file my_file_10.txt (compact mmCIF, C-alpha atoms)
# COMPACT_ATOMS: atom_id res chain seq x y z
CA MET H 168 -1.31 -57.14 -117.21
CA ILE H 169 -1.40 -59.03 -120.51
CA LEU H 170 -0.96 -62.54 -121.86
CA LEU H 171 1.51 -63.10 -124.71
CA THR H 172 1.96 -66.11 -126.96
CA PRO H 173 4.06 -66.59 -130.12
CA GLU H 174 2.25 -65.73 -133.33
CA GLN H 175 3.85 -68.43 -135.43
CA HIS H 176 6.01 -71.51 -135.17
CA THR H 177 6.71 -73.90 -138.02
CA ASP H 178 9.20 -76.06 -136.11
CA TYR H 179 7.32 -76.22 -132.80
CA GLN H 180 3.91 -77.37 -131.57
CA LEU H 181 2.53 -78.01 -128.10
CA ILE H 182 0.41 -81.07 -128.86
CA ASP H 183 -1.02 -81.83 -125.42
CA SER H 184 -0.46 -80.98 -121.76
CA GLY H 185 -1.61 -82.36 -118.43
CA GLY H 186 -0.71 -84.78 -115.68
CA PHE H 187 2.34 -82.58 -114.93
CA GLU H 188 3.72 -83.25 -118.41
CA LYS H 189 3.76 -81.74 -121.89
CA LEU H 190 3.88 -83.37 -125.32
CA GLU H 191 5.76 -81.21 -127.83
CA ARG H 192 6.97 -81.35 -131.43
CA PHE H 193 10.37 -79.86 -132.19
CA GLY H 194 10.87 -80.14 -135.93
CA PRO H 195 10.09 -83.77 -136.88
CA TYR H 196 10.48 -85.17 -133.34
CA ILE H 197 7.93 -85.41 -130.54
CA LEU H 198 9.07 -85.25 -126.93
CA SER H 199 7.33 -85.93 -123.62
CA ARG H 200 8.77 -84.18 -120.57
CA PRO H 201 7.74 -82.91 -117.12
CA GLU H 202 5.82 -79.65 -116.72
CA PRO H 203 4.97 -78.73 -113.10
CA GLN H 204 2.26 -76.23 -114.06
CA ALA H 205 0.20 -78.68 -116.15
CA ILE H 206 -1.90 -79.84 -113.20
CA TRP H 207 -4.99 -80.69 -115.30
CA ASP H 208 -5.81 -83.95 -117.10
CA LYS H 209 -4.30 -84.90 -120.44
CA SER H 210 -6.61 -84.75 -123.45
CA LEU H 211 -4.95 -87.69 -125.18
CA SER H 212 -4.68 -91.11 -123.57
CA GLU H 213 -1.44 -92.44 -122.10
CA ASP H 214 -1.26 -94.93 -124.97
CA GLU H 215 -1.52 -92.08 -127.50
CA TRP H 216 1.26 -90.16 -125.74
CA ASP H 217 3.45 -93.24 -125.76
CA GLU H 218 2.70 -94.01 -129.40
CA ARG H 219 3.51 -90.48 -130.58
CA SER H 220 6.63 -89.85 -128.47
CA ASN H 221 10.11 -90.21 -129.95
CA ALA H 222 11.68 -89.49 -126.55
CA VAL H 223 10.40 -89.43 -122.96
CA PHE H 224 12.17 -87.75 -120.04
CA LYS H 225 12.27 -89.79 -116.84
CA LYS H 226 13.31 -88.02 -113.63
CA ASP H 227 15.87 -89.63 -111.35
CA LYS H 228 14.34 -90.83 -108.10
CA ASN H 229 16.63 -88.73 -105.93
CA SER H 230 16.57 -85.53 -107.98
CA GLN H 231 14.00 -82.81 -108.69
CA GLU H 232 15.83 -81.68 -111.82
CA LYS H 233 18.05 -84.33 -113.36
CA GLY H 234 16.97 -87.43 -115.26
CA GLN H 235 17.38 -89.45 -118.42
CA TRP H 236 15.76 -89.56 -121.83
CA VAL H 237 14.30 -92.83 -123.10
CA THR H 238 14.35 -92.73 -126.91
CA LYS H 239 12.67 -94.77 -129.62
CA GLY H 240 13.50 -95.56 -133.23
CA ASP H 241 15.83 -93.18 -135.04
CA MET H 242 15.59 -90.33 -132.50
CA PRO H 243 18.95 -88.48 -132.71
CA GLU H 244 20.81 -86.97 -129.77
CA LYS H 245 21.08 -83.64 -131.64
CA TRP H 246 19.10 -81.95 -134.42
CA ILE H 247 18.36 -78.48 -135.87
CA PHE H 248 15.50 -76.14 -134.90
CA GLN H 249 14.50 -73.17 -137.07
CA TYR H 250 12.54 -70.01 -136.38
CA ARG H 251 11.67 -68.07 -139.52
CA THR H 252 9.74 -64.80 -139.96
CA LYS H 253 10.07 -61.86 -142.37
CA GLU H 254 12.71 -60.34 -140.08
CA LEU H 255 14.38 -63.40 -138.57
CA HIS H 256 15.79 -66.71 -139.73
CA LEU H 257 17.33 -68.33 -136.69
CA ARG H 258 18.80 -71.81 -136.54
CA SER H 259 19.85 -73.59 -133.36
CA LYS H 260 21.08 -76.98 -132.29
CA LEU H 261 18.74 -78.96 -130.05
CA ALA H 262 19.91 -81.75 -127.76
CA LEU H 263 18.45 -84.05 -125.11
CA THR H 264 20.03 -82.79 -121.86
CA SER H 265 19.98 -84.40 -118.42
CA PHE H 266 17.99 -81.41 -117.08
CA LYS H 267 15.01 -82.05 -119.45
CA HIS H 268 15.78 -78.92 -121.50
CA VAL H 269 16.54 -79.18 -125.22
CA GLY H 270 18.18 -75.79 -125.90
CA VAL H 271 15.26 -73.54 -126.81
CA PHE H 272 12.24 -72.05 -125.03
CA PRO H 273 9.60 -71.64 -127.78
CA GLU H 274 7.40 -69.24 -125.77
CA GLN H 275 10.23 -66.70 -126.02
CA ALA H 276 9.59 -66.21 -129.74
CA THR H 277 7.34 -63.26 -128.92
CA ASN H 278 10.38 -61.60 -127.32
CA TRP H 279 12.69 -62.49 -130.24
CA ASP H 280 10.24 -60.64 -132.51
CA PHE H 281 10.09 -57.69 -130.08
CA ILE H 282 13.90 -57.45 -130.04
CA ALA H 283 14.12 -57.44 -133.84
CA ARG H 284 11.32 -54.89 -134.32
CA THR H 285 12.67 -52.57 -131.64
CA LEU H 286 16.28 -52.57 -132.86
CA LYS H 287 15.25 -51.92 -136.45
CA GLN H 288 13.34 -48.82 -135.27
CA MET H 289 16.39 -47.35 -133.57
CA PRO H 290 18.17 -44.52 -135.40
CA GLU H 291 21.58 -45.59 -134.05
CA GLU H 292 23.70 -47.39 -136.64
CA LYS H 293 25.06 -50.00 -134.21
CA PRO H 294 22.95 -50.27 -131.06
CA ASN H 295 24.56 -52.40 -128.35
CA VAL H 296 22.73 -55.14 -126.44
CA LEU H 297 23.60 -57.04 -123.27
CA ASN H 298 22.07 -60.51 -122.82
CA LEU H 299 22.42 -61.83 -119.24
CA PHE H 300 21.83 -65.47 -118.22
CA ALA H 301 21.81 -65.89 -121.98
CA TYR H 302 21.70 -69.73 -122.20
CA THR H 303 21.97 -70.98 -125.80
CA GLY H 304 21.62 -67.49 -127.22
CA ILE H 305 18.52 -67.35 -129.42
CA ALA H 306 17.76 -63.82 -128.15
CA SER H 307 21.38 -62.88 -128.88
CA LEU H 308 20.93 -64.15 -132.45
CA ALA H 309 17.75 -62.09 -132.86
CA ALA H 310 19.58 -58.94 -131.71
CA LYS H 311 22.58 -59.66 -133.95
CA THR H 312 20.34 -60.29 -136.97
CA ALA H 313 18.75 -56.88 -136.37
CA GLY H 314 22.15 -55.19 -136.56
CA ALA H 315 23.20 -54.87 -132.92
CA ASP H 316 26.56 -55.36 -131.26
CA VAL H 317 25.81 -58.13 -128.77
CA THR H 318 27.47 -59.09 -125.48
CA HIS H 319 26.32 -62.56 -124.37
CA VAL H 320 26.91 -63.50 -120.71
CA ASP H 321 26.46 -66.94 -119.17
CA SER H 322 28.22 -68.73 -116.33
CA VAL H 323 28.52 -72.12 -118.08
CA LYS H 324 31.28 -72.51 -120.67
CA GLN H 325 29.59 -75.47 -122.37
CA VAL H 326 26.46 -73.38 -122.91
CA ILE H 327 28.55 -70.57 -124.39
CA ASN H 328 30.03 -73.12 -126.82
CA TRP H 329 26.49 -74.21 -127.72
CA SER H 330 25.56 -70.56 -128.35
CA ARG H 331 28.56 -70.13 -130.63
CA GLU H 332 27.41 -73.14 -132.66
CA ASN H 333 23.97 -71.54 -132.99
CA MET H 334 25.54 -68.29 -134.19
CA GLU H 335 27.42 -70.15 -136.90
CA LEU H 336 24.35 -72.18 -137.87
CA SER H 337 22.45 -68.90 -138.33
CA GLY H 338 25.18 -67.43 -140.55
CA LEU H 339 26.14 -64.74 -138.03
CA ASN H 340 29.42 -63.69 -136.39
CA ASN H 341 31.14 -61.32 -133.96
CA ILE H 342 29.03 -61.85 -130.86
CA ARG H 343 31.06 -61.11 -127.72
CA TRP H 344 31.06 -64.15 -125.42
CA VAL H 345 31.60 -63.74 -121.66
CA VAL H 346 31.77 -66.66 -119.22
CA GLU H 347 31.05 -64.95 -115.91
CA ASP H 348 28.61 -64.55 -113.06
CA ALA H 349 25.94 -62.10 -114.30
CA LEU H 350 25.82 -60.01 -111.14
CA LYS H 351 29.63 -59.61 -111.06
CA PHE H 352 29.67 -58.63 -114.73
CA VAL H 353 26.98 -55.97 -114.24
CA GLN H 354 28.76 -54.56 -111.19
CA ARG H 355 31.93 -54.16 -113.24
CA GLU H 356 30.10 -52.55 -116.18
CA VAL H 357 28.51 -50.00 -113.85
CA ARG H 358 31.93 -49.11 -112.40
CA ARG H 359 33.28 -48.66 -115.92
CA GLY H 360 30.39 -46.36 -116.86
CA ASN H 361 29.28 -48.53 -119.79
CA LYS H 362 25.75 -48.16 -121.19
CA TYR H 363 23.56 -50.33 -123.44
CA ASN H 364 20.64 -49.75 -125.78
CA GLY H 365 19.14 -53.09 -124.89
CA LEU H 366 19.12 -55.33 -121.81
CA ILE H 367 17.80 -58.91 -121.91
CA LEU H 368 17.55 -60.92 -118.67
CA ASP H 369 16.42 -64.50 -118.20
CA PRO H 370 17.53 -65.32 -114.64
CA PRO H 371 16.91 -68.77 -113.16
CA ALA H 372 15.34 -69.38 -109.76
CA TYR H 373 18.76 -70.49 -108.53
CA GLY H 374 22.17 -71.17 -110.00
CA ARG H 375 25.94 -71.03 -109.64
CA GLY H 376 28.54 -68.80 -111.24
CA PRO H 377 31.77 -70.16 -112.76
CA GLU H 378 33.57 -69.67 -109.44
CA GLY H 379 30.75 -71.08 -107.31
CA GLU H 380 28.94 -67.75 -106.84
CA LYS H 381 25.45 -68.39 -105.50
CA TRP H 382 22.42 -66.95 -107.30
CA LEU H 383 18.98 -66.93 -105.63
CA LEU H 384 16.26 -65.07 -107.50
CA GLU H 385 14.44 -63.80 -104.41
CA GLU H 386 17.65 -62.54 -102.79
CA ASN H 387 19.54 -61.14 -105.79
CA LEU H 388 17.03 -59.88 -108.35
CA ASN H 389 16.33 -56.54 -106.65
CA ASP H 390 20.04 -55.65 -106.53
CA LEU H 391 20.58 -56.81 -110.11
CA LEU H 392 17.78 -54.60 -111.44
CA ARG H 393 19.05 -51.62 -109.45
CA LEU H 394 22.38 -51.99 -111.26
CA CYS H 395 20.77 -52.64 -114.65
CA ALA H 396 18.92 -49.34 -114.41
CA GLN H 397 22.34 -47.65 -114.42
CA LEU H 398 23.37 -49.55 -117.58
CA LEU H 399 20.40 -48.62 -119.77
CA LYS H 400 20.84 -45.63 -122.07
CA GLU H 401 18.47 -42.68 -121.68
CA LYS H 402 17.40 -42.70 -125.36
CA ASN H 403 16.92 -45.50 -127.89
CA PHE H 404 16.53 -48.32 -125.38
CA PHE H 405 14.63 -51.51 -124.60
CA PHE H 406 14.48 -53.87 -121.64
CA ILE H 407 13.19 -57.45 -121.33
CA ILE H 408 13.10 -59.75 -118.32
CA ASN H 409 11.66 -63.28 -118.17
CA LEU H 410 11.11 -65.28 -114.99
CA TYR H 411 10.11 -68.91 -114.74
CA SER H 412 9.63 -69.44 -111.02
CA LEU H 413 6.38 -70.79 -109.59
CA GLY H 414 6.50 -68.34 -106.67
CA PHE H 415 6.86 -65.18 -108.79
CA SER H 416 3.86 -63.08 -109.78
CA ALA H 417 3.91 -60.64 -112.68
CA LEU H 418 2.91 -57.98 -110.13
CA ILE H 419 6.25 -58.49 -108.34
CA VAL H 420 8.05 -57.77 -111.59
CA GLU H 421 5.90 -54.68 -112.22
CA ASN H 422 6.81 -53.31 -108.78
CA LEU H 423 10.53 -53.94 -109.35
CA ILE H 424 10.50 -52.23 -112.75
CA LYS H 425 8.70 -49.15 -111.42
CA ALA H 426 11.08 -48.96 -108.44
CA HIS H 427 14.25 -49.02 -110.52
CA PHE H 428 13.30 -47.75 -113.99
CA GLY H 429 10.37 -45.46 -113.16
CA THR H 430 7.04 -45.43 -114.95
CA GLN H 431 7.59 -46.44 -118.58
CA ILE H 432 5.05 -45.38 -121.24
CA ASN H 433 5.30 -48.57 -123.26
CA HIS H 434 5.65 -50.96 -120.32
CA GLU H 435 4.09 -54.39 -120.85
CA PHE H 436 4.05 -57.09 -118.19
CA GLY H 437 2.16 -60.33 -117.65
CA GLU H 438 2.44 -64.00 -118.51
CA LEU H 439 3.81 -65.96 -121.45
CA TYR H 440 1.85 -69.01 -122.54
CA ILE H 441 1.40 -71.50 -125.35
CA SER H 442 -1.88 -73.23 -126.17
CA ASP H 443 -1.91 -76.94 -126.89
CA SER H 444 -3.96 -78.39 -129.73
CA PHE H 445 -6.93 -78.77 -127.35
CA ASP H 446 -6.82 -75.03 -126.48
CA LYS H 447 -5.50 -75.52 -122.97
CA LYS H 448 -3.26 -72.54 -122.17
CA LEU H 449 0.02 -73.60 -120.53
CA PRO H 450 1.63 -70.75 -118.51
CA LEU H 451 5.38 -70.55 -119.13
CA GLY H 452 6.61 -67.73 -116.95
CA VAL H 453 6.14 -64.03 -116.33
CA PHE H 454 7.73 -61.20 -118.30
CA SER H 455 8.22 -57.46 -118.34
CA ARG H 456 9.40 -55.38 -121.28
CA PHE H 457 9.48 -51.76 -122.37
CA SER H 458 11.06 -49.53 -124.98
CA ASP H 459 11.07 -45.89 -126.07
CA GLN H 460 10.52 -47.05 -129.67
CA ASN H 461 7.01 -47.31 -131.14
CA VAL H 462 6.73 -51.05 -131.77

call {"tool": "encode", "arguments": {"input": "my_file_10.txt", "output": "structure tokens"}}
result
Amino acid sequence: MILLTPEQHTDYQLIDSGGFEKLERFGPYILSRPEPQAIWDKSLSEDEWDERSNAVFKKDKNSQEKGQWVTKGDMPEKWIFQYRTKELHLRSKLALTSFKHVGVFPEQATNWDFIARTLKQMPEEKPNVLNLFAYTGIASLAAKTAGADVTHVDSVKQVINWSRENMELSGLNNIRWVVEDALKFVQREVRRGNKYNGLILDPPAYGRGPEGEKWLLEENLNDLLRLCAQLLKEKNFFFIINLYSLGFSALIVENLIKAHFGTQINHEFGELYISDSFDKKLPLGVFSRFSDQNV
């Protein structure tokens, strides 16, 4: 079991964490928002947090998820985030949403790099990649940049539209967009006999499909992975899954992968984290990934 953190971010910094909150810089703007795993004390004072913040997320009294942003000064509702390496130059729109998210999960950069490296190693001219629960599509952009044909599946049409904007901002095109329940889509692909070089999964703890289909991680993940094992090609393949659920151990993911995909030589699993500027390591979910490429 290993710990992974992004190697570089120019447009992101975790400044401080604690008191069930995190203080983050996205581009030129600093945001304060809830973080249930930051149970320790803050390193900076409350006054320093307030002075630095351009926007603070306040939860609604009767909701565990929804809330409102309180902004200061010239804080815009939308702005551009960039992730640039030798292999990738990704641009995405950020926005202050009522669910505290802004449109990007910076800890996933280590997986964006893995996707790009792996696809560029593949001898196939046009590897195909399926991104499930794909949200605003940064992983889809990484795969497309590396030369893949990408199918991007999410159950929320507005999020698909956001992903399309990010594709255009990054100077890319021809991603296949699918508004559908992920489990239903995978079931259909298995029936059709379709196969993919790459599978990317980022399932939530719970959610709803476009027709009200109910998704519960504990109840549905095992069946989903059983089906995904039938979609992955036997050569030139990679697989990534991320889980952000407080009740899920990386050992659970390891057991599921072994049960459905067998023992993989290059299998990595563990936790994703980002360190704040005071070297406190904030855990940001568990992951599992493997590939038959030497990356």

call {"tool": "atom_distance", "arguments": {"input": "my_file_10.txt", "atom1": "CA of Val326 in chain H", "atom2": "CA of Asp443 in chain H"}}
result
28.9 Å

call {"tool": "closest_atom_pairs", "arguments": {"input": "my_file_10.txt", "of": "range 237-260 of chain H", "to": "range 332-345 of chain H", "cutoff": "7 Å", "atoms": "all atoms listed in the file", "output": "Markdown table"}}
result
| residue | atom | partner | partner_atom | distance |
| --- | --- | --- | --- | --- |
| H:Leu257 | CA | H:Ser337 | CA | 5.4 |
| H:Arg258 | CA | H:Ser337 | CA | 5.0 |
| H:Ser259 | CA | H:Asn333 | CA | 4.6 |
| H:Lys260 | CA | H:Asn333 | CA | 6.2 |

call {"tool": "closest_residue", "arguments": {"input": "my_file_10.txt", "among": "H:Gln397, H:Asn364, H:Gln431, H:Gln180", "to": "Asn295 in chain H", "atoms": "all atoms listed in the file"}}
result
H:Asn364

call {"tool": "closest_residue", "arguments": {"input": "my_file_10.txt", "among": "H:Leu399, H:Val462, H:Ala426, H:Ile441", "to": "Glu191 in chain H", "atoms": "all atoms listed in the file"}}
result
H:Ile441

call {"tool": "atom_distance", "arguments": {"input": "my_file_10.txt", "atom1": "CA of Lys239 in chain H", "atom2": "CA of Glu215 in chain H"}}
result
14.6 Å

call {"tool": "atom_distance", "arguments": {"input": "my_file_10.txt", "atom1": "CA of Ala222 in chain H", "atom2": "CA of Ile247 in chain H"}}
result
15.9 Å

call {"tool": "closest_residue", "arguments": {"input": "my_file_10.txt", "among": "H:Thr430, H:Gln249, H:Arg355, H:Lys324", "to": "Glu378 in chain H", "atoms": "all atoms listed in the file"}}
result
H:Lys324

call {"tool": "build_atoms", "arguments": {"input": "my_file_10.txt", "residues": "range 425-446 of chain H", "atoms": "N, CA, C and O atoms", "output": "CSV table (one decimal), in the coordinates of the input"}}
result
chain,number,residue,atom,x,y,z
H,425,LYS,N,9.1,-50.5,-111.8
H,425,LYS,CA,8.7,-49.2,-111.4
H,425,LYS,C,9.7,-48.6,-110.4
H,425,LYS,O,10.1,-47.4,-110.5
H,426,ALA,N,10.2,-49.4,-109.5
H,426,ALA,CA,11.1,-49.0,-108.4
H,426,ALA,C,12.4,-48.5,-109.0
H,426,ALA,O,13.0,-47.5,-108.6
H,427,HIS,N,12.9,-49.3,-110.0
H,427,HIS,CA,14.2,-49.0,-110.5
H,427,HIS,C,14.3,-48.3,-111.9
H,427,HIS,O,15.3,-47.6,-112.1
H,428,PHE,N,13.3,-48.4,-112.7
H,428,PHE,CA,13.3,-47.8,-114.0
H,428,PHE,C,12.3,-46.6,-114.1
H,428,PHE,O,12.2,-46.0,-115.1
H,429,GLY,N,11.4,-46.5,-113.1
H,429,GLY,CA,10.4,-45.5,-113.2
H,429,GLY,C,9.2,-46.0,-114.0
H,429,GLY,O,9.2,-47.1,-114.5
H,430,THR,N,8.2,-45.1,-114.2
H,430,THR,CA,7.0,-45.4,-115.0
H,430,THR,C,7.4,-45.3,-116.4
H,430,THR,O,7.7,-44.2,-116.9
H,431,GLN,N,7.3,-46.4,-117.2
H,431,GLN,CA,7.6,-46.4,-118.6
H,431,GLN,C,6.3,-46.4,-119.4
H,431,GLN,O,5.4,-47.2,-119.2
H,432,ILE,N,6.3,-45.6,-120.4
H,432,ILE,CA,5.0,-45.4,-121.2
H,432,ILE,C,4.6,-46.7,-121.9
H,432,ILE,O,3.5,-47.0,-121.9
H,433,ASN,N,5.6,-47.4,-122.5
H,433,ASN,CA,5.3,-48.6,-123.3
H,433,ASN,C,5.6,-49.9,-122.5
H,433,ASN,O,5.9,-50.9,-123.0
H,434,HIS,N,5.4,-49.8,-121.2
H,434,HIS,CA,5.6,-51.0,-120.3
H,434,HIS,C,4.6,-52.0,-120.5
H,434,HIS,O,3.4,-51.7,-120.3
H,435,GLU,N,5.0,-53.2,-120.8
H,435,GLU,CA,4.1,-54.4,-120.8
H,435,GLU,C,4.6,-55.4,-119.8
H,435,GLU,O,5.8,-55.6,-119.7
H,436,PHE,N,3.7,-56.0,-119.1
H,436,PHE,CA,4.0,-57.1,-118.2
H,436,PHE,C,2.9,-58.1,-118.1
H,436,PHE,O,1.7,-57.7,-118.3
H,437,GLY,N,3.2,-59.3,-117.7
H,437,GLY,CA,2.2,-60.3,-117.6
H,437,GLY,C,2.8,-61.7,-117.7
H,437,GLY,O,3.9,-62.0,-117.2
H,438,GLU,N,2.0,-62.6,-118.4
H,438,GLU,CA,2.4,-64.0,-118.5
H,438,GLU,C,2.7,-64.4,-120.0
H,438,GLU,O,2.0,-63.9,-120.9
H,439,LEU,N,3.6,-65.3,-120.2
H,439,LEU,CA,3.8,-66.0,-121.4
H,439,LEU,C,3.1,-67.3,-121.4
H,439,LEU,O,3.1,-68.0,-120.3
H,440,TYR,N,2.5,-67.7,-122.5
H,440,TYR,CA,1.8,-69.0,-122.5
H,440,TYR,C,1.9,-69.6,-123.9
H,440,TYR,O,2.1,-68.8,-124.9
H,441,ILE,N,1.6,-70.8,-124.1
H,441,ILE,CA,1.4,-71.5,-125.4
H,441,ILE,C,0.2,-72.4,-125.2
H,441,ILE,O,0.1,-73.1,-124.2
H,442,SER,N,-0.7,-72.4,-126.2
H,442,SER,CA,-1.9,-73.2,-126.2
H,442,SER,C,-1.6,-74.6,-126.8
H,442,SER,O,-0.9,-74.6,-127.9
H,443,ASP,N,-2.1,-75.6,-126.2
H,443,ASP,CA,-1.9,-76.9,-126.9
H,443,ASP,C,-3.0,-77.1,-127.9
H,443,ASP,O,-3.8,-76.2,-128.1
H,444,SER,N,-3.0,-78.2,-128.6
H,444,SER,CA,-4.0,-78.4,-129.7
H,444,SER,C,-5.4,-78.6,-129.2
H,444,SER,O,-6.3,-78.7,-130.1
H,445,PHE,N,-5.6,-78.7,-127.9
H,445,PHE,CA,-6.9,-78.8,-127.4
H,445,PHE,C,-7.3,-77.5,-126.7
H,445,PHE,O,-8.3,-77.4,-125.9
H,446,ASP,N,-6.6,-76.4,-127.0
H,446,ASP,CA,-6.8,-75.0,-126.5
H,446,ASP,C,-6.7,-74.9,-125.0
H,446,ASP,O,-7.3,-74.0,-124.4
